[in-house]
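Working notes for the structure below.
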Amino acid sequence: MLSIKRAEVAWKAARRFWDKLPIERVDKQAALDYRESRAHCAAITVRNELAVIRAALNWAKKEKLIAEAPFIQMPKLPASTIGHLSKAEFRKLLDGAGRPHVKLFMKLAVATGARSNALLDLTWDRVDFDRGLITLNPADRVQTSKYRATVPMNGQIRAALEEAKTGALSPYVIELGRGKVGSIKKGFAAACVRSGITATPHMLRHSAAVWMAEDRVPVFQIAQFLGHSDSRITERVYARFSPDFLSTAAESLTW
């Protein structure tokens with residue numbers, strides 16, 4: 001289900017086309033015309049906008065305001081590609097990180113599979129060295145579709161965090177001077193240039209998921225690590241990276 005904020009943004013974009021359209025003209029062709037009018041946008045963006053229209057029509061039918069909800073044709077999504085780094089590429093990228101906060105960010109990104117915002121928001125009170133856990137969601141933040149999990153530390157990230165904690169000058173784990181880092185993009189881009197590795201901060205989240213899949217970690221555990229509410233999402237995107245993916249099915253096809 002779309003979040004309220006996401007639905008508001010989608011309706012703001014869709015309103016100009018749909019607001020005055022008579023109900024008898026709301027059909028498959030109207031959806032195709034809308035897609036054409038938004039040709040400059042990604043297919044997923046248009047799908048989110050059309051999902052608001054579909055939800056409104058279904059609500060109108062439920063409330064008996066219309067007899068039937070017209071069919072809304074959703075644009076097809078292009079085949080997805082998952083940009084990720086091998087462990088060797090990540091080590092090379094890490095070597096190119098010139099600032100300690102950029103290097104720590106990179107280590108945390110692959111060790112937690114967390115999104116950039118969650119890592120930049122992370123404070124030391126949510127790093128539990130006794131229990132070996134990192135709680136990515138602050139107590140005062142309501143969990144949203146961008147779910148933030150609680151994940152265990154491995155030995156490498158524990159050592160990196162313990163070292164960083166001894167020199168910490170602020171409550172934030174990723175800090176620059178005595179304050180929170182607002183964006184990691186500039187420092188990350190500089191590391192890419194120095195290392196010759198083409199990457200983005202979000203690619204480290206994908207890399208973490210792919211590494212787990214390659215190491216035969218069960219899909220439901222990867223989903224928990226990434227904060228996916230539905231493991232089917234994780235399976236659809238990352239299961240193919242597991243050496244065992246469909247292997248049982250393949251063995252059934254011997255002759």
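Just so we're on the same page: first chain in the structure tokens is A, next is B, and so on; residues restart at 1 for each chain, and ligands are numbered from 1 in the order they show up.
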Which residues, written as JSON, numbers by chain, have at least one atom at most 12 Å from range 219-232 of chain A, with only C-alpha atoms counted and residues fewer than 2 positions away on the same chain left out?
{"A": [1, 109, 110, 111, 112, 113, 114, 115, 118, 133, 134, 135, 136, 137, 143, 144, 145, 146, 147, 148, 149, 150, 151, 152, 153, 204, 205, 206, 207, 208, 209, 210, 211, 212, 213, 214, 215, 216, 217, 234, 235, 236, 237, 238, 239, 240, 241, 242, 244, 245]}
Give me, as an MDAnalysis selection string, all polymer residues having an atom no more than 10 Å from Arg99 in chain A, counting only C-alpha atoms and skipping those fewer than 6 positions away in the same chain.
chainID A and resid 176 187:188 190:191
May I have the selected residues written with N, CA and C atoms, as a PDB file, in the first residue's frame?
ATOM      1  N   LEU A 176      31.745  14.367  11.138  1.00  0.00           N
ATOM      2  CA  LEU A 176      32.796  15.167  10.526  1.00  0.00           C
ATOM      3  C   LEU A 176      33.023  16.343  11.456  1.00  0.00           C
ATOM      4  N   GLY A 187      32.298  12.902  -0.686  1.00  0.00           N
ATOM      5  CA  GLY A 187      33.420  12.075  -0.272  1.00  0.00           C
ATOM      6  C   GLY A 187      33.419  10.723  -0.950  1.00  0.00           C
ATOM      7  N   PHE A 188      32.230  10.179  -1.173  1.00  0.00           N
ATOM      8  CA  PHE A 188      32.108   8.876  -1.842  1.00  0.00           C
ATOM      9  C   PHE A 188      32.569   8.995  -3.291  1.00  0.00           C
ATOM     10  N   ALA A 190      34.652  11.111  -4.534  1.00  0.00           N
ATOM     11  CA  ALA A 190      36.107  11.276  -4.557  1.00  0.00           C
ATOM     12  C   ALA A 190      36.809   9.929  -4.423  1.00  0.00           C
ATOM     13  N   ALA A 191      36.255   9.050  -3.577  1.00  0.00           N
ATOM     14  CA  ALA A 191      36.833   7.708  -3.411  1.00  0.00           C
ATOM     15  C   ALA A 191      36.712   6.905  -4.704  1.00  0.00           C
TER      16      ALA A 191
END
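Using only C-alpha atoms for every distance, the candidate list A:His101, A:Arg141, A:Lys107, A:Lys12 yields A:His101 as the residue closest to Lys186 in chain A.
The interatomic distance for the pair CA of Arg35 in chain A and CA of Met74 in chain A works out to 8.6 Å.
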Of the residues A:Leu253, A:Leu85, A:Ala42, A:Leu119, which is the one nearest to Ser183 in chain A, using only C-alpha atoms?
A:Leu119
With only C-alpha atoms as the basis for distance, which of A:Val52, A:Gln29, A:Ile23, A:Leu65 is at the shortest distance from Ile4 in chain A?
A:Val52
Using the chain letters and numbers from this document, which residues of range 65-156 of chain A does DSSP assign to strand (DSSP E or B), as JSON, numbers by chain?
{"A": [123, 127, 128, 133, 134, 135, 150, 151, 152]}
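Comparing the minimum interatomic distances between Asn117 in chain A and each of A:Arg16, A:Phe105, A:Ala60, A:Val9, counting only C-alpha atoms, we find that A:Phe105 sits nearest.
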